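query-v4.cif follows; it contains mmCIF, C-alpha atoms.
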```
data_entry
#
loop_
_atom_site.label_atom_id
_atom_site.label_comp_id
_atom_site.auth_asym_id
_atom_site.auth_seq_id
_atom_site.Cartn_x
_atom_site.Cartn_y
_atom_site.Cartn_z
CA MET A 1 -16.19 -34.49 6.03
CA LYS A 2 -15.79 -34.52 2.28
CA ILE A 3 -14.85 -30.97 1.25
CA THR A 4 -14.32 -29.51 -2.21
CA LEU A 5 -12.27 -26.33 -2.51
CA THR A 6 -12.06 -23.99 -5.48
CA GLY A 7 -9.16 -21.56 -5.86
CA SER A 8 -6.32 -24.07 -6.22
CA ILE A 9 -3.33 -23.67 -3.85
CA GLY A 10 -2.64 -19.94 -3.74
CA ASN A 11 -2.24 -17.59 -0.79
CA ILE A 12 -5.51 -18.79 0.75
CA GLY A 13 -5.99 -22.19 -0.86
CA LYS A 14 -2.72 -23.78 0.27
CA PRO A 15 -2.95 -23.00 4.01
CA LEU A 16 -6.67 -23.82 3.91
CA THR A 17 -5.95 -27.21 2.36
CA GLU A 18 -3.21 -27.93 4.89
CA ASN A 19 -5.50 -26.97 7.77
CA LEU A 20 -8.39 -29.17 6.65
CA VAL A 21 -6.25 -32.19 5.77
CA LYS A 22 -4.54 -31.96 9.17
CA ALA A 23 -7.99 -31.97 10.78
CA GLY A 24 -8.71 -35.32 9.09
CA HIS A 25 -11.07 -34.30 6.29
CA GLN A 26 -11.11 -35.65 2.74
CA VAL A 27 -10.26 -32.59 0.67
CA THR A 28 -10.61 -32.19 -3.10
CA VAL A 29 -8.89 -29.15 -4.59
CA ILE A 30 -9.97 -27.76 -7.96
CA THR A 31 -7.20 -26.37 -10.12
CA SER A 32 -7.03 -25.31 -13.75
CA LYS A 33 -3.35 -26.21 -13.99
CA PRO A 34 -2.30 -29.87 -14.36
CA ALA A 35 1.14 -28.89 -13.02
CA ASN A 36 -0.45 -28.23 -9.59
CA ALA A 37 -1.74 -31.79 -9.21
CA ALA A 38 1.48 -33.17 -7.73
CA GLU A 39 1.69 -30.46 -5.06
CA ILE A 40 -1.99 -30.91 -4.16
CA LYS A 41 -1.33 -34.64 -3.67
CA SER A 42 1.73 -33.84 -1.55
CA LEU A 43 -0.54 -31.84 0.76
CA GLY A 44 -2.70 -34.93 1.26
CA ALA A 45 -5.57 -33.69 -0.91
CA ILE A 46 -7.17 -34.92 -4.13
CA PRO A 47 -6.62 -32.80 -7.27
CA ALA A 48 -9.51 -32.12 -9.63
CA VAL A 49 -8.10 -30.56 -12.80
CA GLY A 50 -10.48 -28.60 -14.98
CA SER A 51 -12.07 -25.26 -15.74
CA ILE A 52 -14.48 -23.40 -13.48
CA GLU A 53 -16.16 -22.25 -16.69
CA ASP A 54 -17.25 -25.88 -17.25
CA VAL A 55 -20.41 -26.56 -15.22
CA THR A 56 -20.27 -30.31 -15.90
CA PHE A 57 -16.75 -30.49 -14.52
CA LEU A 58 -17.77 -28.45 -11.46
CA THR A 59 -20.82 -30.63 -10.87
CA ASN A 60 -18.67 -33.76 -10.88
CA ALA A 61 -16.14 -32.15 -8.53
CA PHE A 62 -18.89 -31.01 -6.14
CA THR A 63 -20.86 -34.28 -6.13
CA GLY A 64 -20.62 -36.05 -2.79
CA ALA A 65 -19.17 -33.04 -0.97
CA ASP A 66 -20.57 -32.18 2.44
CA ILE A 67 -19.52 -28.58 1.87
CA VAL A 68 -18.01 -26.51 -0.94
CA TYR A 69 -15.68 -23.53 -0.63
CA ALA A 70 -16.28 -21.21 -3.59
CA MET A 71 -14.10 -18.33 -4.73
CA VAL A 72 -13.60 -16.58 -8.06
CA PRO A 73 -9.90 -16.57 -9.03
CA PRO A 74 -8.55 -13.40 -10.67
CA ASN A 75 -8.66 -13.34 -14.45
CA PHE A 76 -7.14 -10.25 -16.05
CA ASP A 77 -7.69 -11.41 -19.63
CA VAL A 78 -11.46 -10.86 -19.69
CA THR A 79 -13.18 -8.06 -21.58
CA HIS A 80 -16.01 -7.53 -19.06
CA TRP A 81 -14.61 -8.23 -15.59
CA LYS A 82 -17.75 -7.81 -13.47
CA GLU A 83 -19.78 -9.92 -15.87
CA TYR A 84 -17.08 -12.60 -15.85
CA ILE A 85 -17.11 -12.77 -12.03
CA ALA A 86 -20.92 -12.93 -12.01
CA GLY A 87 -20.80 -15.68 -14.64
CA ILE A 88 -18.53 -17.83 -12.50
CA GLY A 89 -21.02 -17.31 -9.68
CA ARG A 90 -23.78 -18.62 -11.94
CA ASN A 91 -21.62 -21.63 -12.79
CA TYR A 92 -21.06 -22.37 -9.12
CA ALA A 93 -24.76 -22.01 -8.35
CA ALA A 94 -25.72 -24.36 -11.19
CA ALA A 95 -23.16 -26.97 -10.15
CA ILE A 96 -24.09 -26.73 -6.46
CA LYS A 97 -27.72 -27.32 -7.35
CA ALA A 98 -27.00 -30.18 -9.75
CA ALA A 99 -24.60 -31.88 -7.30
CA GLY A 100 -27.03 -31.64 -4.38
CA VAL A 101 -24.62 -29.67 -2.18
CA THR A 102 -26.38 -28.12 0.82
CA LYS A 103 -23.62 -26.04 2.47
CA VAL A 104 -21.27 -23.47 0.94
CA VAL A 105 -18.64 -21.05 2.20
CA GLN A 106 -18.00 -18.29 -0.34
CA LEU A 107 -15.09 -15.87 -0.40
CA SER A 108 -16.42 -12.37 -0.92
CA SER A 109 -15.17 -8.89 -0.09
CA ILE A 110 -15.79 -5.81 1.93
CA GLY A 111 -18.02 -3.65 -0.24
CA ALA A 112 -20.07 -6.56 -1.59
CA HIS A 113 -23.17 -4.92 -0.12
CA LEU A 114 -22.90 -2.35 -2.94
CA THR A 115 -25.12 -3.13 -5.90
CA GLU A 116 -23.02 -1.15 -8.40
CA GLY A 117 -20.01 1.08 -8.87
CA ALA A 118 -17.45 -0.97 -6.91
CA GLY A 119 -15.36 -2.49 -9.68
CA PRO A 120 -14.71 -6.23 -9.25
CA VAL A 121 -16.46 -6.13 -5.88
CA THR A 122 -19.70 -5.45 -7.77
CA GLY A 123 -19.08 -8.80 -9.44
CA LEU A 124 -18.84 -10.44 -6.01
CA HIS A 125 -22.12 -8.77 -5.02
CA LEU A 126 -23.66 -10.51 -8.03
CA VAL A 127 -22.11 -13.84 -6.98
CA GLU A 128 -23.69 -13.48 -3.54
CA ALA A 129 -27.02 -12.73 -5.21
CA GLU A 130 -26.79 -15.90 -7.34
CA LEU A 131 -26.02 -18.10 -4.34
CA ASN A 132 -28.83 -16.48 -2.35
CA LYS A 133 -31.29 -17.80 -4.93
CA LEU A 134 -30.46 -21.43 -4.16
CA GLU A 135 -33.18 -23.29 -2.27
CA GLY A 136 -32.13 -25.76 0.39
CA VAL A 137 -28.58 -24.42 0.46
CA VAL A 138 -27.05 -22.41 3.32
CA VAL A 139 -24.17 -20.07 2.54
CA LYS A 140 -21.61 -18.37 4.75
CA TYR A 141 -20.22 -15.28 2.98
CA VAL A 142 -16.69 -14.52 4.15
CA ARG A 143 -16.11 -10.86 3.28
CA ALA A 144 -12.40 -10.15 3.42
CA GLY A 145 -10.70 -6.78 3.71
CA PHE A 146 -7.94 -5.24 1.61
CA PHE A 147 -5.30 -7.95 1.25
CA TYR A 148 -1.83 -7.09 2.54
CA THR A 149 -0.45 -8.94 -0.48
CA ASN A 150 -1.98 -6.30 -2.80
CA PHE A 151 0.90 -4.06 -1.71
CA TYR A 152 3.30 -6.27 -3.69
CA SER A 153 1.88 -4.72 -6.85
CA ASN A 154 3.25 -1.37 -5.61
CA VAL A 155 6.87 -2.50 -5.21
CA ASP A 156 8.02 -0.79 -8.42
CA MET A 157 6.15 2.38 -7.46
CA ILE A 158 8.05 2.50 -4.20
CA LYS A 159 11.41 1.62 -5.78
CA TYR A 160 11.28 4.03 -8.69
CA ALA A 161 8.90 6.81 -7.60
CA GLY A 162 9.62 6.76 -3.88
CA LEU A 163 5.98 6.76 -2.86
CA LEU A 164 2.81 4.74 -2.37
CA GLY A 165 -0.53 5.95 -3.66
CA SER A 166 -3.89 5.42 -5.29
CA ASN A 167 -6.97 7.45 -6.17
CA TYR A 168 -7.85 7.89 -2.49
CA GLY A 169 -6.14 9.94 0.15
CA ALA A 170 -3.74 9.25 3.01
CA GLY A 171 -6.57 9.58 5.52
CA THR A 172 -8.69 6.85 3.91
CA TYR A 173 -9.55 4.10 6.38
CA LEU A 174 -8.43 0.65 5.18
CA PRO A 175 -9.66 -2.57 6.80
CA LEU A 176 -6.69 -4.85 6.02
CA VAL A 177 -6.24 -8.62 6.08
CA HIS A 178 -3.55 -11.27 5.76
CA PRO A 179 -4.55 -14.15 3.45
CA ALA A 180 -3.59 -16.65 6.15
CA ASP A 181 -6.13 -15.08 8.52
CA VAL A 182 -8.74 -15.49 5.77
CA ALA A 183 -7.75 -19.15 5.39
CA ASP A 184 -8.10 -19.68 9.15
CA ALA A 185 -11.56 -18.10 9.15
CA ILE A 186 -12.74 -20.18 6.19
CA ALA A 187 -11.47 -23.39 7.81
CA GLU A 188 -13.31 -22.46 11.00
CA GLU A 189 -16.57 -21.78 9.15
CA ILE A 190 -16.31 -25.00 7.14
CA GLN A 191 -15.96 -27.04 10.31
CA GLN A 192 -18.68 -25.43 12.40
CA PRO A 193 -22.44 -25.71 11.92
CA PHE A 194 -24.49 -22.92 10.38
CA THR A 195 -28.13 -23.15 9.39
CA ALA A 196 -28.89 -19.88 7.60
CA ASN A 197 -27.22 -17.56 5.13
CA SER A 198 -24.99 -15.10 6.95
CA ILE A 199 -21.93 -12.86 6.57
CA ARG A 200 -18.61 -12.93 8.40
CA TYR A 201 -16.15 -10.08 7.96
CA VAL A 202 -12.48 -11.04 8.24
CA ILE A 203 -9.98 -8.28 9.06
CA SER A 204 -6.47 -8.52 10.48
CA ASP A 205 -5.66 -4.86 11.12
CA GLU A 206 -7.00 -1.33 10.63
CA HIS A 207 -4.99 1.63 9.39
CA THR A 208 -5.33 4.64 7.17
CA ALA A 209 -3.57 4.52 3.82
CA GLY A 210 -0.96 6.95 5.14
CA GLU A 211 -0.32 4.85 8.24
CA SER A 212 0.05 1.78 6.03
CA ALA A 213 2.67 3.54 3.90
CA ALA A 214 4.59 4.54 7.04
CA ILE A 215 4.58 1.00 8.43
CA LEU A 216 5.77 -0.54 5.17
CA GLY A 217 8.26 2.30 4.68
CA LYS A 218 9.80 1.72 8.10
CA ALA A 219 10.29 -1.97 7.31
CA ILE A 220 12.14 -1.23 4.07
CA GLY A 221 14.30 1.55 5.47
CA LYS A 222 12.18 4.39 4.08
CA PRO A 223 10.39 5.71 7.20
CA GLU A 224 9.25 8.87 5.40
CA LEU A 225 7.54 6.93 2.58
CA PRO A 226 4.56 9.13 1.65
CA TRP A 227 1.08 8.16 0.55
CA VAL A 228 0.06 10.25 -2.47
CA GLU A 229 -3.52 10.67 -3.69
CA PHE A 230 -3.81 10.46 -7.48
CA THR A 231 -6.64 11.80 -9.57
CA ASP A 232 -8.81 9.13 -11.15
CA ALA A 233 -7.33 10.00 -14.54
CA ASP A 234 -3.75 9.76 -13.27
CA ALA A 235 -4.45 6.46 -11.51
CA LEU A 236 -5.91 5.04 -14.71
CA GLY A 237 -3.04 6.36 -16.82
CA GLY A 238 -0.44 4.99 -14.45
CA MET A 239 -1.89 1.49 -14.55
CA LEU A 240 -2.16 1.55 -18.32
CA GLN A 241 1.45 2.70 -18.56
CA VAL A 242 2.70 -0.36 -16.67
CA GLY A 243 0.63 -2.74 -18.78
CA VAL A 244 -2.55 -3.29 -16.77
CA PRO A 245 -5.35 -4.08 -19.26
CA GLU A 246 -7.77 -1.17 -19.66
CA GLU A 247 -10.81 -3.14 -18.46
CA ILE A 248 -9.01 -4.15 -15.27
CA ALA A 249 -7.58 -0.67 -14.70
CA LYS A 250 -10.99 1.00 -15.05
CA ASN A 251 -12.46 -1.39 -12.49
CA TYR A 252 -9.64 -0.69 -10.03
CA VAL A 253 -10.23 3.05 -10.40
CA GLU A 254 -13.93 2.47 -9.72
CA MET A 255 -13.08 0.47 -6.59
CA GLY A 256 -10.77 3.29 -5.48
CA LYS A 257 -13.63 5.79 -5.76
CA VAL A 258 -15.85 3.88 -3.32
CA SER A 259 -12.89 3.50 -0.96
CA ARG A 260 -12.35 7.26 -1.17
CA ASN A 261 -15.97 8.14 -0.35
CA GLY A 262 -16.24 5.49 2.37
CA LYS A 263 -18.96 3.40 0.75
CA MET A 264 -16.67 0.38 0.45
CA GLN A 265 -16.15 0.27 4.22
CA GLU A 266 -19.58 1.37 5.47
CA ASP A 267 -21.27 -2.02 5.98
CA PHE A 268 -18.22 -3.47 7.71
CA LEU A 269 -18.16 -0.53 10.11
CA THR A 270 -21.74 -1.29 11.19
CA HIS A 271 -20.93 -4.95 11.89
CA ARG A 272 -17.23 -5.01 12.80
CA SER A 273 -15.40 -8.28 13.52
CA VAL A 274 -12.74 -9.73 15.80
CA LEU A 275 -9.37 -8.82 14.31
CA GLY A 276 -7.08 -11.58 13.06
CA LYS A 277 -3.71 -12.26 14.62
CA ARG A 278 -1.38 -11.23 11.75
CA LYS A 279 -0.79 -7.48 11.94
CA LEU A 280 0.47 -5.16 9.21
CA GLU A 281 3.79 -4.80 11.04
CA ASP A 282 4.21 -8.59 10.79
CA PHE A 283 3.48 -8.57 7.07
CA ALA A 284 5.87 -5.64 6.59
CA VAL A 285 8.74 -7.98 7.55
CA GLU A 286 7.72 -10.29 4.68
CA PHE A 287 7.20 -7.34 2.36
CA ALA A 288 10.71 -6.01 3.02
CA LYS A 289 12.18 -9.11 1.40
CA SER A 290 11.06 -7.69 -1.98
CA PHE A 291 13.60 -4.86 -1.65
#
```
Once more with this new file: its structure as structure tokens, please.
Amino acid sequence: MKITLTGSIGNIGKPLTENLVKAGHQVTVITSKPANAAEIKSLGAIPAVGSIEDVTFLTNAFTGADIVYAMVPPNFDVTHWKEYIAGIGRNYAAAIKAAGVTKVVQLSSIGAHLTEGAGPVTGLHLVEAELNKLEGVVVKYVRAGFFYTNFYSNVDMIKYAGLLGSNYGAGTYLPLVHPADVADAIAEEIQQPFTANSIRYVISDEHTAGESAAILGKAIGKPELPWVEFTDADALGGMLQVGVPEEIAKNYVEMGKVSRNGKMQEDFLTHRSVLGKRKLEDFAVEFAKSF
């Protein structure tokens, strides 16, 4: 098949590209950075350098593709994060329509069933809504859990405060996922037939926040590492103090609230999924290298 991937060659994009090239497909990888072109070529794929905010560029990159993988890369420089994410979704929808693409796999998130109040995940809900409007296009929504790699943003908290925490408690249930398990699931969906819009949840492991802290703590030689629940105000203040832009910080606090009250996880818990093969204990070995 001819496959076009958005998302460049990050934690999901690189193993996904390698998987699909190995399977014999012609893979085009969209990247905003010219410096990535050489590595994309070295993986056996075709680089398409341009901006996902440019619908004409996207249309050209999508034209001729049997299937498109769509994801919204993080952008922490925007003034209205949800609206930005939704806008990229509109760009993808317009380009998919103009290019005549009929199949799409879209990276979404647990919590995307929520119409509001879920921070950046609300933006992904709006992306799903845009793609659902397309006639003659079938979409597989891959809703991923809480990425293990998000814990890397807490390294300084662990080193200097001796704890892990957020604005939800130690008993909060976290459906967790390794990016490589997400890449495997996306590759599988791209290569198998589907004829109607549907959702696939991708989860590698399940733990409470407190259990997650204990597992990571054990790996770094801090077996008593506690999980501490912050107030919303303290969570916001802490992020601002370390330089997180206010718009991004406010959205993270909002996402924490729906994790705390269980709304983020509720749709997943009614559908479940087969767990991926990379467990939190496995990731903890990688994580320990940061210390």
Select, from A:Gly119, A:Gly165, A:Gly24, A:Gly111, the residue with the minimum atom-to-atom distance to Trp81 (chain A), counting all atoms listed in the file.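 The closest residue to Trp81 (chain A) is A:Gly119.
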message: With all atoms listed in the file as the counted atoms, please give the residues lying no more than 8 Å from Ala45 (chain A), apart from itself and same-chain residues fewer than 2 positions off, as a list in words.
response: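 Counting all atoms listed in the file, the residues come to Thr17, Val21, Gln26, Val27, Thr28, Val29, Ile40, Lys41, Ser42, Leu43 and Pro47 of chain A.
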Problem set entry | CA of Ala129 (chain A) to CA of Ala95 (chain A), straight-line distance in Å |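 Distance reported for this atom pair: 15.6 Å.
Take CA of Thr270 (chain A) and CA of Gly256 (chain A): the distance between them is 20.5 Å.
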- Item | Of the listed residues A:Val139, A:Ile88, A:Val121, A:Leu16, that which approaches Gln106 (chain A) most closely, counting all atoms listed in the file |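 Of A:Val139, A:Ile88, A:Val121, A:Leu16, the one nearest Gln106 (chain A), counting all atoms listed in the file, is A:Val139.
Between CA of Ser198 (chain A) and CA of Thr122 (chain A) lies a distance of 18.4 Å.
Taking all atoms listed in the file into account, Asn167 (chain A) lies nearest to A:Glu254 out of the set A:Asp77, A:Glu53, A:Glu188, A:Glu254.
The smallest atom-to-atom distance between Gly13 (chain A) and any of A:Met157, A:Val72, A:Leu114, A:Met264, using only C-alpha atoms, is found for A:Val72.
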Once the PyMOL selection byres ((chain A and resi 108) around 6) has been applied to the shown file, what residues remain in the selection, as a PyMOL selection string? chain A and resi 107+109+124+142-143
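Candidate residues A:Ala284, A:Ile3, A:Ile248, A:Ala185 were compared for distance to Thr149 (chain A), and the nearest is A:Ala284, using all atoms listed in the file.
The residue that comes closest to Gly44 (chain A), out of A:Val274, A:Ile67, A:Phe57, A:Lys14 and on the basis of all atoms listed in the file, is A:Lys14.
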* Taking (-22.0, -12.5, -0.6) in the file's coordinates as the center, which residues reach within 6 Å of it, counting all atoms listed in the file, put as a PyMOL selection string? -> chain A and resi 108+125+128+141
Run the PyMOL selection byres ((chain A and resi 241-246) around 12) mentally over the shown coordinates, then write out the matched residues as a PyMOL selection string, using the chain letters and numbers from the document.
chain A and resi 75-81+153-154+156-157+234-240+247-253
Go ahead and dump the residues you just picked, C-alpha atoms, as an mmCIF file, in the coordinates of the input.
```
data_model
loop_
_atom_site.group_PDB
_atom_site.id
_atom_site.type_symbol
_atom_site.label_atom_id
_atom_site.label_comp_id
_atom_site.auth_asym_id
_atom_site.auth_seq_id
_atom_site.Cartn_x
_atom_site.Cartn_y
_atom_site.Cartn_z
ATOM 1 C CA ASN A 75 -8.660 -13.340 -14.450
ATOM 2 C CA PHE A 76 -7.140 -10.250 -16.050
ATOM 3 C CA ASP A 77 -7.690 -11.410 -19.630
ATOM 4 C CA VAL A 78 -11.460 -10.860 -19.690
ATOM 5 C CA THR A 79 -13.180 -8.060 -21.580
ATOM 6 C CA HIS A 80 -16.010 -7.530 -19.060
ATOM 7 C CA TRP A 81 -14.610 -8.230 -15.590
ATOM 8 C CA SER A 153 1.880 -4.720 -6.850
ATOM 9 C CA ASN A 154 3.250 -1.370 -5.610
ATOM 10 C CA ASP A 156 8.020 -0.790 -8.420
ATOM 11 C CA MET A 157 6.150 2.380 -7.460
ATOM 12 C CA ASP A 234 -3.750 9.760 -13.270
ATOM 13 C CA ALA A 235 -4.450 6.460 -11.510
ATOM 14 C CA LEU A 236 -5.910 5.040 -14.710
ATOM 15 C CA GLY A 237 -3.040 6.360 -16.820
ATOM 16 C CA GLY A 238 -0.440 4.990 -14.450
ATOM 17 C CA MET A 239 -1.890 1.490 -14.550
ATOM 18 C CA LEU A 240 -2.160 1.550 -18.320
ATOM 19 C CA GLU A 247 -10.810 -3.140 -18.460
ATOM 20 C CA ILE A 248 -9.010 -4.150 -15.270
ATOM 21 C CA ALA A 249 -7.580 -0.670 -14.700
ATOM 22 C CA LYS A 250 -10.990 1.000 -15.050
ATOM 23 C CA ASN A 251 -12.460 -1.390 -12.490
ATOM 24 C CA TYR A 252 -9.640 -0.690 -10.030
ATOM 25 C CA VAL A 253 -10.230 3.050 -10.400
#
```
Expanded to explicit residues, what is the PyMOL selection byres ((chain A and resi 266) around 12) for this file, as an mmCIF file with C-alpha atoms, in the frame of the given file?
```
data_model
loop_
_atom_site.group_PDB
_atom_site.id
_atom_site.type_symbol
_atom_site.label_atom_id
_atom_site.label_comp_id
_atom_site.auth_asym_id
_atom_site.auth_seq_id
_atom_site.Cartn_x
_atom_site.Cartn_y
_atom_site.Cartn_z
ATOM 1 C CA ILE A 110 -15.790 -5.810 1.930
ATOM 2 C CA GLY A 111 -18.020 -3.650 -0.240
ATOM 3 C CA ALA A 112 -20.070 -6.560 -1.590
ATOM 4 C CA HIS A 113 -23.170 -4.920 -0.120
ATOM 5 C CA LEU A 114 -22.900 -2.350 -2.940
ATOM 6 C CA TYR A 173 -9.550 4.100 6.380
ATOM 7 C CA LEU A 174 -8.430 0.650 5.180
ATOM 8 C CA PRO A 175 -9.660 -2.570 6.800
ATOM 9 C CA VAL A 258 -15.850 3.880 -3.320
ATOM 10 C CA SER A 259 -12.890 3.500 -0.960
ATOM 11 C CA ARG A 260 -12.350 7.260 -1.170
ATOM 12 C CA ASN A 261 -15.970 8.140 -0.350
ATOM 13 C CA GLY A 262 -16.240 5.490 2.370
ATOM 14 C CA LYS A 263 -18.960 3.400 0.750
ATOM 15 C CA MET A 264 -16.670 0.380 0.450
ATOM 16 C CA GLN A 265 -16.150 0.270 4.220
ATOM 17 C CA ASP A 267 -21.270 -2.020 5.980
ATOM 18 C CA PHE A 268 -18.220 -3.470 7.710
ATOM 19 C CA LEU A 269 -18.160 -0.530 10.110
ATOM 20 C CA THR A 270 -21.740 -1.290 11.190
ATOM 21 C CA HIS A 271 -20.930 -4.950 11.890
ATOM 22 C CA ARG A 272 -17.230 -5.010 12.800
#
```
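Residues lying within 10 Å of Leu275 (chain A), counting all atoms listed in the file and ignoring same-chain neighbours fewer than 3 positions away, are Pro175, Leu176, Val177, Asp181, Tyr201, Val202, Ile203, Ser204, Asp205, Glu206, Arg272, Arg278 and Lys279 of chain A.
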Which residues are near Lys33 (chain A)? Cut-off 10 Å, all atoms listed in the file, ignore same chain within fewer than 4 positions. Put them as an mmCIF file with C-alpha atoms, keeping the file's coordinate frame.
```
data_model
loop_
_atom_site.group_PDB
_atom_site.id
_atom_site.type_symbol
_atom_site.label_atom_id
_atom_site.label_comp_id
_atom_site.auth_asym_id
_atom_site.auth_seq_id
_atom_site.Cartn_x
_atom_site.Cartn_y
_atom_site.Cartn_z
ATOM 1 C CA SER A 8 -6.320 -24.070 -6.220
ATOM 2 C CA ALA A 37 -1.740 -31.790 -9.210
ATOM 3 C CA PRO A 47 -6.620 -32.800 -7.270
ATOM 4 C CA ALA A 48 -9.510 -32.120 -9.630
ATOM 5 C CA VAL A 49 -8.100 -30.560 -12.800
ATOM 6 C CA GLY A 50 -10.480 -28.600 -14.980
ATOM 7 C CA SER A 51 -12.070 -25.260 -15.740
#
```
With all atoms listed in the file as the counted atoms, please give the residues lying no more than 12 Å from Ala219 (chain A), apart from itself and same-chain residues fewer than 6 positions off, as a CSV table (one decimal) with C-alpha atoms, in the frame of the given file.
```csv
chain,number,residue,atom,x,y,z
A,212,SER,CA,0.0,1.8,6.0
A,213,ALA,CA,2.7,3.5,3.9
A,225,LEU,CA,7.5,6.9,2.6
A,280,LEU,CA,0.5,-5.2,9.2
A,281,GLU,CA,3.8,-4.8,11.0
A,282,ASP,CA,4.2,-8.6,10.8
A,283,PHE,CA,3.5,-8.6,7.1
A,284,ALA,CA,5.9,-5.6,6.6
A,285,VAL,CA,8.7,-8.0,7.6
A,286,GLU,CA,7.7,-10.3,4.7
A,287,PHE,CA,7.2,-7.3,2.4
A,288,ALA,CA,10.7,-6.0,3.0
A,289,LYS,CA,12.2,-9.1,1.4
A,290,SER,CA,11.1,-7.7,-2.0
A,291,PHE,CA,13.6,-4.9,-1.6
```
* To do: Write out as a ChimeraX atom specification which residues come within 7 Å of Glu130 (chain A) when counting all atoms listed in the file, dropping same-chain ones fewer than 5 positions away.
  => /A:89-90,93
Take the residues just selected and output them with C-alpha atoms as an mmCIF file, in the frame of the given file.
```
data_model
loop_
_atom_site.group_PDB
_atom_site.id
_atom_site.type_symbol
_atom_site.label_atom_id
_atom_site.label_comp_id
_atom_site.auth_asym_id
_atom_site.auth_seq_id
_atom_site.Cartn_x
_atom_site.Cartn_y
_atom_site.Cartn_z
ATOM 1 C CA GLY A 89 -21.020 -17.310 -9.680
ATOM 2 C CA ARG A 90 -23.780 -18.620 -11.940
ATOM 3 C CA ALA A 93 -24.760 -22.010 -8.350
#
```
For region 243-249 of chain A, what centre and edge lengths in Å (one decimal) does the axis-aligned box get once 3 Å is added on each side of all its listed atoms, as JSON?
```
{"center_x": -5.1, "center_y": -2.4, "center_z": -17.2, "size_x": 17.4, "size_y": 9.5, "size_z": 11.0}
```
